[in-house]
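Engineer: Supplied structure: my_file_20.csv, CSV, C-alpha atoms.
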```csv
chain,number,residue,atom,x,y,z
A,24,MET,CA,97.9,84.6,112.9
A,25,GLU,CA,94.8,83.1,111.4
A,26,LEU,CA,92.2,85.4,109.9
A,27,LEU,CA,88.7,84.1,111.0
A,28,GLY,CA,86.7,86.9,109.5
A,29,THR,CA,86.5,90.6,108.4
A,30,ARG,CA,83.7,93.1,109.0
A,31,ARG,CA,83.8,96.3,106.8
A,32,VAL,CA,82.5,99.1,109.1
A,33,TYR,CA,83.0,102.3,107.0
A,34,GLU,CA,84.1,103.3,103.5
A,35,GLY,CA,85.0,107.0,103.4
A,36,ASN,CA,86.8,109.8,101.6
A,37,VAL,CA,90.1,109.6,103.4
A,38,VAL,CA,89.8,106.5,105.6
A,39,ASN,CA,88.0,103.2,105.6
A,40,LEU,CA,87.6,101.1,108.8
A,41,ARG,CA,87.5,97.3,109.0
A,42,VAL,CA,87.5,94.9,112.0
A,43,ASP,CA,89.4,91.6,111.5
A,44,THR,CA,88.9,88.7,113.8
A,45,LEU,CA,92.1,86.8,114.4
A,46,ARG,CA,93.2,83.7,116.2
A,47,GLY,CA,96.8,83.7,117.4
A,48,GLU,CA,98.9,80.9,118.8
A,49,GLY,CA,97.2,81.4,122.1
A,50,GLY,CA,94.0,80.2,120.5
A,51,ARG,CA,91.4,82.7,121.7
A,52,PRO,CA,89.8,84.8,118.9
A,53,HIS,CA,90.1,88.5,119.2
A,54,ASP,CA,89.1,91.5,117.1
A,55,VAL,CA,91.6,94.0,115.6
A,56,GLU,CA,90.5,97.3,114.2
A,57,VAL,CA,92.3,98.5,111.1
A,58,VAL,CA,92.1,102.1,109.7
A,59,GLU,CA,92.8,101.9,106.0
A,60,HIS,CA,94.5,104.9,104.5
A,61,SER,CA,96.3,105.4,101.1
A,62,GLU,CA,100.0,105.6,101.0
A,63,ALA,CA,101.3,109.2,101.4
A,64,VAL,CA,104.4,111.3,100.9
A,65,VAL,CA,106.4,113.7,103.1
A,66,VAL,CA,108.4,116.2,101.0
A,67,ILE,CA,111.6,117.6,102.7
A,68,VAL,CA,112.7,120.9,101.2
A,69,ARG,CA,115.9,122.6,102.4
A,70,PRO,CA,116.4,126.0,100.7
A,71,ARG,CA,119.8,126.1,102.4
A,72,PRO,CA,121.4,123.2,104.4
A,73,HIS,CA,120.4,124.7,107.7
A,74,GLU,CA,116.8,125.6,106.6
A,75,MET,CA,113.5,123.7,106.0
A,76,VAL,CA,110.2,124.7,104.3
A,77,LEU,CA,107.0,124.0,106.2
A,78,VAL,CA,103.4,124.7,105.5
A,79,ARG,CA,100.7,125.8,107.9
A,80,GLN,CA,97.1,124.6,107.6
A,81,TYR,CA,94.0,123.9,109.7
A,82,ARG,CA,94.0,120.4,111.2
A,83,HIS,CA,90.5,119.5,112.3
A,84,PRO,CA,91.5,116.5,114.6
A,85,LEU,CA,93.7,119.0,116.5
A,86,GLY,CA,91.2,121.8,116.3
A,87,ALA,CA,94.1,124.1,115.5
A,88,MET,CA,96.5,125.4,112.8
A,89,SER,CA,99.6,123.3,112.4
A,90,TRP,CA,103.1,123.8,110.8
A,91,GLU,CA,104.1,120.6,109.1
A,92,ALA,CA,106.4,119.3,106.3
A,93,VAL,CA,104.7,119.3,102.9
A,94,ALA,CA,102.7,116.1,102.7
A,95,GLY,CA,99.7,114.4,101.2
A,96,GLY,CA,98.1,111.2,100.1
A,97,MET,CA,99.2,109.4,96.9
A,98,ASP,CA,96.6,109.3,94.1
A,99,PRO,CA,95.9,106.0,92.4
A,100,GLY,CA,98.6,105.1,90.0
A,101,GLU,CA,101.1,107.7,91.3
A,102,THR,CA,104.6,106.8,92.3
A,103,PRO,CA,105.9,108.4,95.5
A,104,ILE,CA,108.1,110.7,93.4
A,105,GLU,CA,105.2,111.9,91.3
A,106,ALA,CA,103.0,112.4,94.4
A,107,ALA,CA,105.8,114.4,96.1
A,108,ALA,CA,106.2,116.7,93.0
A,109,ARG,CA,102.5,117.2,92.8
A,110,GLU,CA,102.0,117.9,96.5
A,111,LEU,CA,105.0,120.3,96.5
A,112,ARG,CA,103.5,122.2,93.5
A,113,GLU,CA,100.0,122.3,95.0
A,114,GLU,CA,101.0,123.4,98.5
A,115,THR,CA,103.9,125.7,97.8
A,116,GLY,CA,104.0,126.4,94.1
A,117,TYR,CA,107.6,125.0,94.0
A,118,ARG,CA,108.6,123.0,90.9
A,119,ALA,CA,111.2,120.4,92.0
A,120,HIS,CA,114.3,119.7,89.8
A,121,SER,CA,115.0,116.4,91.4
A,122,ILE,CA,113.3,114.3,94.1
A,123,THR,CA,114.7,111.2,95.9
A,124,ARG,CA,112.8,108.8,98.1
A,125,LEU,CA,114.7,108.4,101.4
A,126,TRP,CA,112.8,105.7,103.2
A,127,SER,CA,109.2,104.8,104.3
A,128,ALA,CA,107.4,104.5,107.7
A,129,TYR,CA,104.0,103.5,109.0
A,130,SER,CA,102.4,106.4,110.9
A,131,ALA,CA,100.6,104.2,113.4
A,132,PRO,CA,101.4,100.5,112.8
A,133,GLY,CA,99.2,99.3,115.6
A,134,PHE,CA,95.9,100.3,114.0
A,135,CYS,CA,96.5,102.0,110.6
A,136,SER,CA,97.8,101.0,107.2
A,137,GLU,CA,99.1,104.5,106.2
A,138,LEU,CA,102.6,104.2,104.8
A,139,LEU,CA,104.6,107.5,104.6
A,140,HIS,CA,107.3,107.8,101.9
A,141,PHE,CA,109.9,110.4,103.0
A,142,CYS,CA,111.3,112.3,100.0
A,143,VAL,CA,113.9,115.0,99.6
A,144,VAL,CA,113.9,117.7,97.0
A,145,ASP,CA,117.2,118.8,95.3
A,146,GLY,CA,116.7,122.1,93.6
A,147,TYR,CA,113.4,123.8,92.6
A,148,ASP,CA,111.9,126.8,90.8
A,149,ILE,CA,109.3,129.0,92.6
A,150,GLY,CA,105.8,129.3,91.1
A,151,VAL,CA,102.2,129.7,92.2
A,152,ALA,CA,100.6,127.3,94.6
A,153,GLU,CA,97.5,125.4,93.6
A,154,PRO,CA,95.8,124.4,96.8
A,155,ASP,CA,92.7,122.1,96.9
A,156,VAL,CA,89.3,123.5,97.7
A,157,ASN,CA,89.0,123.7,101.5
A,158,GLU,CA,92.8,124.1,101.8
A,159,GLU,CA,94.3,127.5,102.8
A,160,ILE,CA,98.1,127.0,103.1
A,161,GLU,CA,100.8,129.3,104.3
A,162,VAL,CA,104.4,128.6,103.4
A,163,GLY,CA,107.3,129.3,105.8
A,164,ILE,CA,111.1,128.8,105.8
A,165,PHE,CA,112.6,128.0,109.2
A,166,SER,CA,116.1,127.4,110.5
A,167,LEU,CA,116.7,123.9,111.8
A,168,ASP,CA,117.8,125.3,115.1
A,169,ALA,CA,114.5,127.1,115.4
A,170,LEU,CA,112.6,123.9,114.5
A,171,TRP,CA,114.5,122.0,117.1
A,172,GLU,CA,113.5,124.5,119.8
A,173,LYS,CA,109.9,124.2,118.6
A,174,ILE,CA,110.0,120.4,118.9
A,175,ARG,CA,111.4,120.6,122.5
A,176,ASN,CA,108.8,123.2,123.4
A,177,ASP,CA,105.8,121.2,122.1
A,178,GLU,CA,105.3,123.8,119.3
A,179,LEU,CA,105.8,121.3,116.4
A,180,PRO,CA,103.7,118.3,117.5
A,181,ASP,CA,103.7,116.4,114.2
A,182,VAL,CA,105.6,113.2,114.0
A,183,LYS,CA,106.5,113.2,110.3
A,184,THR,CA,107.9,116.7,110.6
A,185,GLN,CA,109.9,115.7,113.6
A,186,VAL,CA,111.5,112.9,111.5
A,187,ALA,CA,112.3,115.4,108.8
A,188,VAL,CA,113.9,117.9,111.2
A,189,LEU,CA,115.8,115.4,113.3
A,190,TRP,CA,117.1,113.7,110.1
A,191,ALA,CA,118.4,117.0,108.8
A,192,LEU,CA,120.0,117.7,112.2
A,193,THR,CA,121.9,114.5,112.1
A,194,GLY,CA,123.7,115.6,108.9
A,195,ARG,CA,123.4,112.1,107.5
A,196,ARG,CA,122.1,111.0,104.1
B,30,MET,CA,85.8,126.6,110.9
B,31,GLU,CA,82.2,126.2,111.9
B,32,LEU,CA,81.0,122.7,113.0
B,33,LEU,CA,77.7,122.0,111.4
B,34,GLY,CA,77.2,118.5,112.7
B,35,THR,CA,78.8,115.3,113.9
B,36,ARG,CA,78.0,111.7,113.0
B,37,ARG,CA,79.4,109.0,115.2
B,38,VAL,CA,80.2,106.0,113.0
B,39,TYR,CA,81.9,103.5,115.2
B,40,GLU,CA,82.9,103.0,118.9
B,41,GLY,CA,85.6,100.4,119.3
B,42,ASN,CA,88.3,99.0,121.6
B,43,VAL,CA,91.3,100.9,120.2
B,44,VAL,CA,89.7,103.5,117.9
B,45,ASN,CA,86.4,105.3,117.4
B,46,LEU,CA,85.4,107.0,114.1
B,47,ARG,CA,83.3,110.1,113.7
B,48,VAL,CA,82.5,112.3,110.7
B,49,ASP,CA,82.3,116.0,111.3
B,50,THR,CA,80.6,118.4,108.8
B,51,LEU,CA,82.5,121.7,108.7
B,52,ARG,CA,82.0,125.0,106.9
B,53,GLY,CA,85.2,127.0,106.3
B,54,GLU,CA,85.6,130.5,105.1
B,55,GLY,CA,85.0,129.4,101.6
B,56,GLY,CA,81.4,128.6,102.6
B,57,ARG,CA,80.8,125.1,101.2
B,58,PRO,CA,80.1,122.4,103.8
B,59,HIS,CA,82.4,119.4,103.7
B,60,ASP,CA,82.9,116.2,105.8
B,61,VAL,CA,86.1,115.4,107.7
B,62,GLU,CA,86.7,111.9,109.1
B,63,VAL,CA,88.3,111.8,112.5
B,64,VAL,CA,89.8,108.6,114.0
B,65,GLU,CA,89.7,109.0,117.7
B,66,HIS,CA,92.5,107.2,119.7
B,67,SER,CA,93.7,107.6,123.2
B,68,GLU,CA,97.0,109.4,124.0
B,69,ALA,CA,100.0,107.1,123.9
B,70,VAL,CA,103.6,107.0,125.0
B,71,VAL,CA,106.9,106.1,123.3
B,72,VAL,CA,109.6,105.0,125.7
B,73,ILE,CA,113.2,105.5,124.7
B,74,VAL,CA,115.7,103.3,126.5
B,75,ARG,CA,119.4,103.6,125.9
B,76,PRO,CA,121.4,101.0,127.8
B,77,ARG,CA,124.5,102.8,126.6
B,78,PRO,CA,124.6,106.1,124.8
B,79,HIS,CA,125.1,104.4,121.4
B,80,GLU,CA,122.4,101.8,121.9
B,81,MET,CA,118.6,101.6,122.0
B,82,VAL,CA,116.1,98.9,123.2
B,83,LEU,CA,113.4,97.9,120.7
B,84,VAL,CA,110.6,95.3,121.0
B,85,ARG,CA,109.3,93.0,118.2
B,86,GLN,CA,105.7,92.1,117.8
B,87,TYR,CA,103.1,91.2,115.2
B,88,ARG,CA,101.4,94.2,113.7
B,89,HIS,CA,98.2,93.2,111.9
B,90,PRO,CA,97.8,96.3,109.7
B,91,LEU,CA,101.2,95.5,108.2
B,92,GLY,CA,100.7,91.7,108.3
B,93,ALA,CA,104.2,91.4,109.6
B,94,MET,CA,106.4,91.4,112.6
B,95,SER,CA,107.8,94.8,113.5
B,96,TRP,CA,110.7,96.1,115.6
B,97,GLU,CA,109.6,99.3,117.3
B,98,ALA,CA,110.4,101.5,120.3
B,99,VAL,CA,108.5,100.4,123.5
B,100,ALA,CA,105.1,102.1,123.2
B,101,GLY,CA,101.4,101.9,124.1
B,102,GLY,CA,98.2,103.7,124.8
B,103,MET,CA,97.7,105.6,128.1
B,104,ASP,CA,95.0,104.2,130.4
B,105,PRO,CA,92.4,106.5,131.8
B,106,GLY,CA,93.8,108.6,134.6
B,107,GLU,CA,97.4,107.8,133.8
B,108,THR,CA,100.1,110.5,133.3
B,109,PRO,CA,102.5,109.9,130.4
B,110,ILE,CA,105.3,109.1,133.0
B,111,GLU,CA,103.1,106.5,134.6
B,112,ALA,CA,102.1,105.0,131.3
B,113,ALA,CA,105.7,104.9,130.1
B,114,ALA,CA,106.7,103.0,133.3
B,115,ARG,CA,103.9,100.5,132.9
B,116,GLU,CA,104.5,99.9,129.2
B,117,LEU,CA,108.2,99.5,129.8
B,118,ARG,CA,107.5,97.0,132.6
B,119,GLU,CA,104.9,95.0,130.6
B,120,GLU,CA,106.9,94.8,127.4
B,121,THR,CA,110.4,94.4,128.6
B,122,GLY,CA,110.3,93.7,132.4
B,123,TYR,CA,112.5,96.8,133.0
B,124,ARG,CA,111.8,98.9,136.0
B,125,ALA,CA,112.7,102.5,135.3
B,126,HIS,CA,114.6,104.6,137.9
B,127,SER,CA,113.7,107.9,136.2
B,128,ILE,CA,111.5,108.9,133.2
B,129,THR,CA,111.4,112.3,131.6
B,130,ARG,CA,108.9,113.4,129.0
B,131,LEU,CA,110.7,114.9,126.0
B,132,TRP,CA,107.9,116.3,123.8
B,133,SER,CA,104.7,115.2,122.1
B,134,ALA,CA,103.6,114.6,118.5
B,135,TYR,CA,100.4,113.7,116.6
B,136,SER,CA,100.9,110.5,114.6
B,137,ALA,CA,98.6,111.5,111.8
B,138,PRO,CA,97.2,115.0,112.4
B,139,GLY,CA,95.2,115.0,109.1
B,140,PHE,CA,92.7,112.4,110.3
B,141,CYS,CA,93.6,111.0,113.7
B,142,SER,CA,93.6,112.4,117.3
B,143,GLU,CA,96.4,110.1,118.6
B,144,LEU,CA,99.0,112.2,120.5
B,145,LEU,CA,102.3,110.4,121.3
B,146,HIS,CA,104.3,111.5,124.3
B,147,PHE,CA,108.0,110.7,123.8
B,148,CYS,CA,109.7,109.8,127.0
B,149,VAL,CA,113.3,108.8,127.9
B,150,VAL,CA,114.4,106.4,130.7
B,151,ASP,CA,117.4,107.2,132.8
B,152,GLY,CA,118.5,104.0,134.6
B,153,TYR,CA,116.5,100.8,135.1
B,154,ASP,CA,116.5,97.4,136.8
B,155,ILE,CA,115.9,94.3,134.7
B,156,GLY,CA,112.9,92.1,135.7
B,157,VAL,CA,110.3,89.8,134.1
B,158,ALA,CA,108.0,91.1,131.3
B,159,GLU,CA,104.2,91.1,131.8
B,160,PRO,CA,102.8,91.1,128.2
B,161,ASP,CA,99.0,91.4,127.6
B,162,VAL,CA,97.1,88.5,126.4
B,163,ASN,CA,97.5,88.3,122.6
B,164,GLU,CA,101.0,90.0,122.9
B,165,GLU,CA,104.2,88.0,122.3
B,166,ILE,CA,107.1,90.4,122.5
B,167,GLU,CA,110.8,90.0,121.9
B,168,VAL,CA,113.3,92.5,123.3
B,169,GLY,CA,116.4,93.5,121.4
B,170,ILE,CA,119.3,95.9,122.0
B,171,PHE,CA,120.7,97.6,118.8
B,172,SER,CA,123.5,100.1,118.1
B,173,LEU,CA,122.3,103.4,116.8
B,174,ASP,CA,124.4,102.9,113.7
B,175,ALA,CA,122.7,99.6,113.0
B,176,LEU,CA,119.3,101.3,113.4
B,177,TRP,CA,120.3,104.1,111.1
B,178,GLU,CA,121.2,101.5,108.4
B,179,LYS,CA,117.8,99.8,109.0
B,180,ILE,CA,115.9,103.1,108.5
B,181,ARG,CA,117.8,103.8,105.2
B,182,ASN,CA,117.1,100.2,104.0
B,183,ASP,CA,113.4,100.3,104.8
B,184,GLU,CA,113.9,97.7,107.5
B,185,LEU,CA,112.6,100.0,110.4
B,186,PRO,CA,109.4,101.4,108.9
B,187,ASP,CA,107.8,102.9,112.0
B,188,VAL,CA,107.7,106.6,112.3
B,189,LYS,CA,107.8,106.9,116.2
B,190,THR,CA,110.9,104.6,116.2
B,191,GLN,CA,112.5,106.8,113.5
B,192,VAL,CA,112.0,109.9,115.7
B,193,ALA,CA,113.6,108.1,118.7
B,194,VAL,CA,116.6,106.9,116.7
B,195,LEU,CA,117.2,110.2,114.8
B,196,TRP,CA,116.9,112.1,118.0
B,197,ALA,CA,119.5,109.9,119.6
B,198,LEU,CA,121.8,110.4,116.6
B,199,THR,CA,121.6,114.2,116.9
B,200,GLY,CA,123.2,114.0,120.3
B,201,ARG,CA,120.9,116.7,121.5
B,202,ARG,CA,118.7,116.7,124.5
```
Could you quickly redo this structure as structure tokens?

Structural biologist:
Amino acid sequence: MELLGTRRVYEGNVVNLRVDTLRGEGGRPHDVEVVEHSEAVVVIVRPRPHEMVLVRQYRHPLGAMSWEAVAGGMDPGETPIEAAARELREETGYRAHSITRLWSAYSAPGFCSELLHFCVVDGYDIGVAEPDVNEEIEVGIFSLDALWEKIRNDELPDVKTQVAVLWALTGRR
Amino acid sequence: MELLGTRRVYEGNVVNLRVDTLRGEGGRPHDVEVVEHSEAVVVIVRPRPHEMVLVRQYRHPLGAMSWEAVAGGMDPGETPIEAAARELREETGYRAHSITRLWSAYSAPGFCSELLHFCVVDGYDIGVAEPDVNEEIEVGIFSLDALWEKIRNDELPDVKTQVAVLWALTGRR
């Protein structure tokens, strides 16, 4: 692919938008929209092997409250492990003893640069949550079987949380 | 949440962008960026129970080729089943005998409206692929164990494909 030009459309708080003009092997120029988003972390917490911690918050694109794995964007200069520890502390108050990055995944590789780093927590102390302004977050502990039923019944419609739950259900590491 | 105003920033081919101004219970107005994207389908094809079909294509936001589950946006008026049958035909040439929607998931609920409908194919005939202009697509059949190793080694960094593979590895339906 040859990049013929770039038009920067929007610079925002959470996302930027640019339109790249490309020429492929076919020869005809075409535009591709790219949503730019910082890297992010997904933090998998299992109080017991058959349980998982989720947080509930308002998600404006859905117009609804949503139970999801702990997650958030990485700040400049942070490693995934540092971001995971911070997001876990802010959203739940938990202080992790040990965090391991499992693997990474693009949330929407067709049009968005956001790369999610899946991390798992081994051991934690419970403290007081420190949510951002505009964040009101509820913490819940669910059994994996209950979360599987929620996925099948369209009651857990968040793809990163589905990865976390399905991974736990495989029993693999 | 009270919606105080909306600013439409961009209307594109694949995405639109709007900025909504909200007032929560805290009282202070704040802006939320929303990337609008059509609903989409993810098509899970398992030639044998321990195998899965993926397709390889150039993904410009990654600047790289990417192996992923068959997927694509729904056209206006299409059901998820119709879109899954069409995407499967276009990207692989396979004609599905039966398609079942499993569940749905938002790809990035914090900032994007895209809803993915996971679908599974039961039986198919093999025909000739019908890719879009600007699409060059390779089809591959992988064992689930090989795909699990790819996930763990950061060689399959697409979240929808990870859901498909991990679901298959659970053995649940």

Engineer: So, with only C-alpha atoms as the atoms that count, which of B:Gly55, B:Pro186, B:Gly200, B:Pro105 lies closest to chain A?

Structural biologist: B:Pro186

Engineer: Using all atoms listed in the file, tabulate the residues of chain A lying at most 6 Å from any atom of chain B, each with its closest atom pair and that distance in Å to one decimal, by chain and increasing residue number, as a Markdown table.

Structural biologist:
```
| residue | atom | partner | partner_atom | distance |
| --- | --- | --- | --- | --- |
| A:Arg82 | CA | B:Gly139 | CA | 5.9 |
| A:Pro84 | CA | B:Ser142 | CA | 5.3 |
| A:Trp126 | CA | B:Asp183 | CA | 5.7 |
| A:Ser127 | CA | B:Pro186 | CA | 5.7 |
| A:Ala128 | CA | B:Pro186 | CA | 3.9 |
| A:Tyr129 | CA | B:Asp187 | CA | 4.9 |
| A:Ser130 | CA | B:Val188 | CA | 5.5 |
| A:Gly133 | CA | B:Arg88 | CA | 5.9 |
| A:Cys135 | CA | B:Pro90 | CA | 5.9 |
| A:Ser136 | CA | B:Pro90 | CA | 5.3 |
| A:Arg175 | CA | B:Trp132 | CA | 5.7 |
| A:Asp177 | CA | B:Trp132 | CA | 5.6 |
| A:Pro180 | CA | B:Ala134 | CA | 3.8 |
| A:Asp181 | CA | B:Ala134 | CA | 4.7 |
| A:Val182 | CA | B:Ala134 | CA | 5.1 |
| A:Val186 | CA | B:Val192 | CA | 5.2 |
| A:Leu189 | CA | B:Leu195 | CA | 5.6 |
| A:Trp190 | CA | B:Leu195 | CA | 5.9 |
| A:Thr193 | CA | B:Thr199 | CA | 4.8 |
```

Engineer: Range 149-170 of chain A near range 108-117 of chain A within 7 Å: what's each residue's closest atom pair and its distance in Å to one decimal, counting only C-alpha atoms, ordered by chain then ascending residue number, as a tab-separated table?

Structural biologist:
```
residue	atom	partner	partner_atom	distance
A:Ile149	CA	A:Tyr117	CA	4.6
A:Gly150	CA	A:Gly116	CA	4.5
A:Val151	CA	A:Gly116	CA	4.2
A:Ala152	CA	A:Gly116	CA	3.6
A:Glu153	CA	A:Glu113	CA	4.2
A:Pro154	CA	A:Glu113	CA	5.0
A:Ile160	CA	A:Glu114	CA	6.5
A:Val162	CA	A:Thr115	CA	6.3
```

Engineer: Go ahead and compute the interatomic distance for CA of Phe141 in chain A and CA of Val78 in chain A, in Å to one decimal.

Structural biologist: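 According to the coordinates, CA of Phe141 in chain A and CA of Val78 in chain A are separated by 15.9 Å.
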
Engineer: Counting all atoms listed in the file, what is within 10 Å of range 148-153 of chain B, bar same-chain residues fewer than 4 positions away, as a list in words?

Structural biologist: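 Listing them by chain and then by number gives Val70, Val71, Val72, Ile73, Val74, Arg75, Pro76, Ala100, Pro109, Ile110, Ala112, Ala113, Ala114, Leu117, Gly122, Tyr123, Arg124, Ala125, His126, Ser127, Ile128, Thr129, Arg130, Leu131, Trp132, Ser133 and Ala193 of chain B.
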
Engineer: How many Å separate CA of Val76 in chain A from CA of Glu62 in chain A?

Structural biologist: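 That distance, rounded to one decimal, is 21.9 Å.
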
Engineer: In Å, rounded to a single decimal, give me how far CA of Asp155 in chain A is from CA of Thr102 in chain A.

Structural biologist: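 Answer for the CA of Thr102 in chain A to CA of Asp155 in chain A separation: 19.9 Å.
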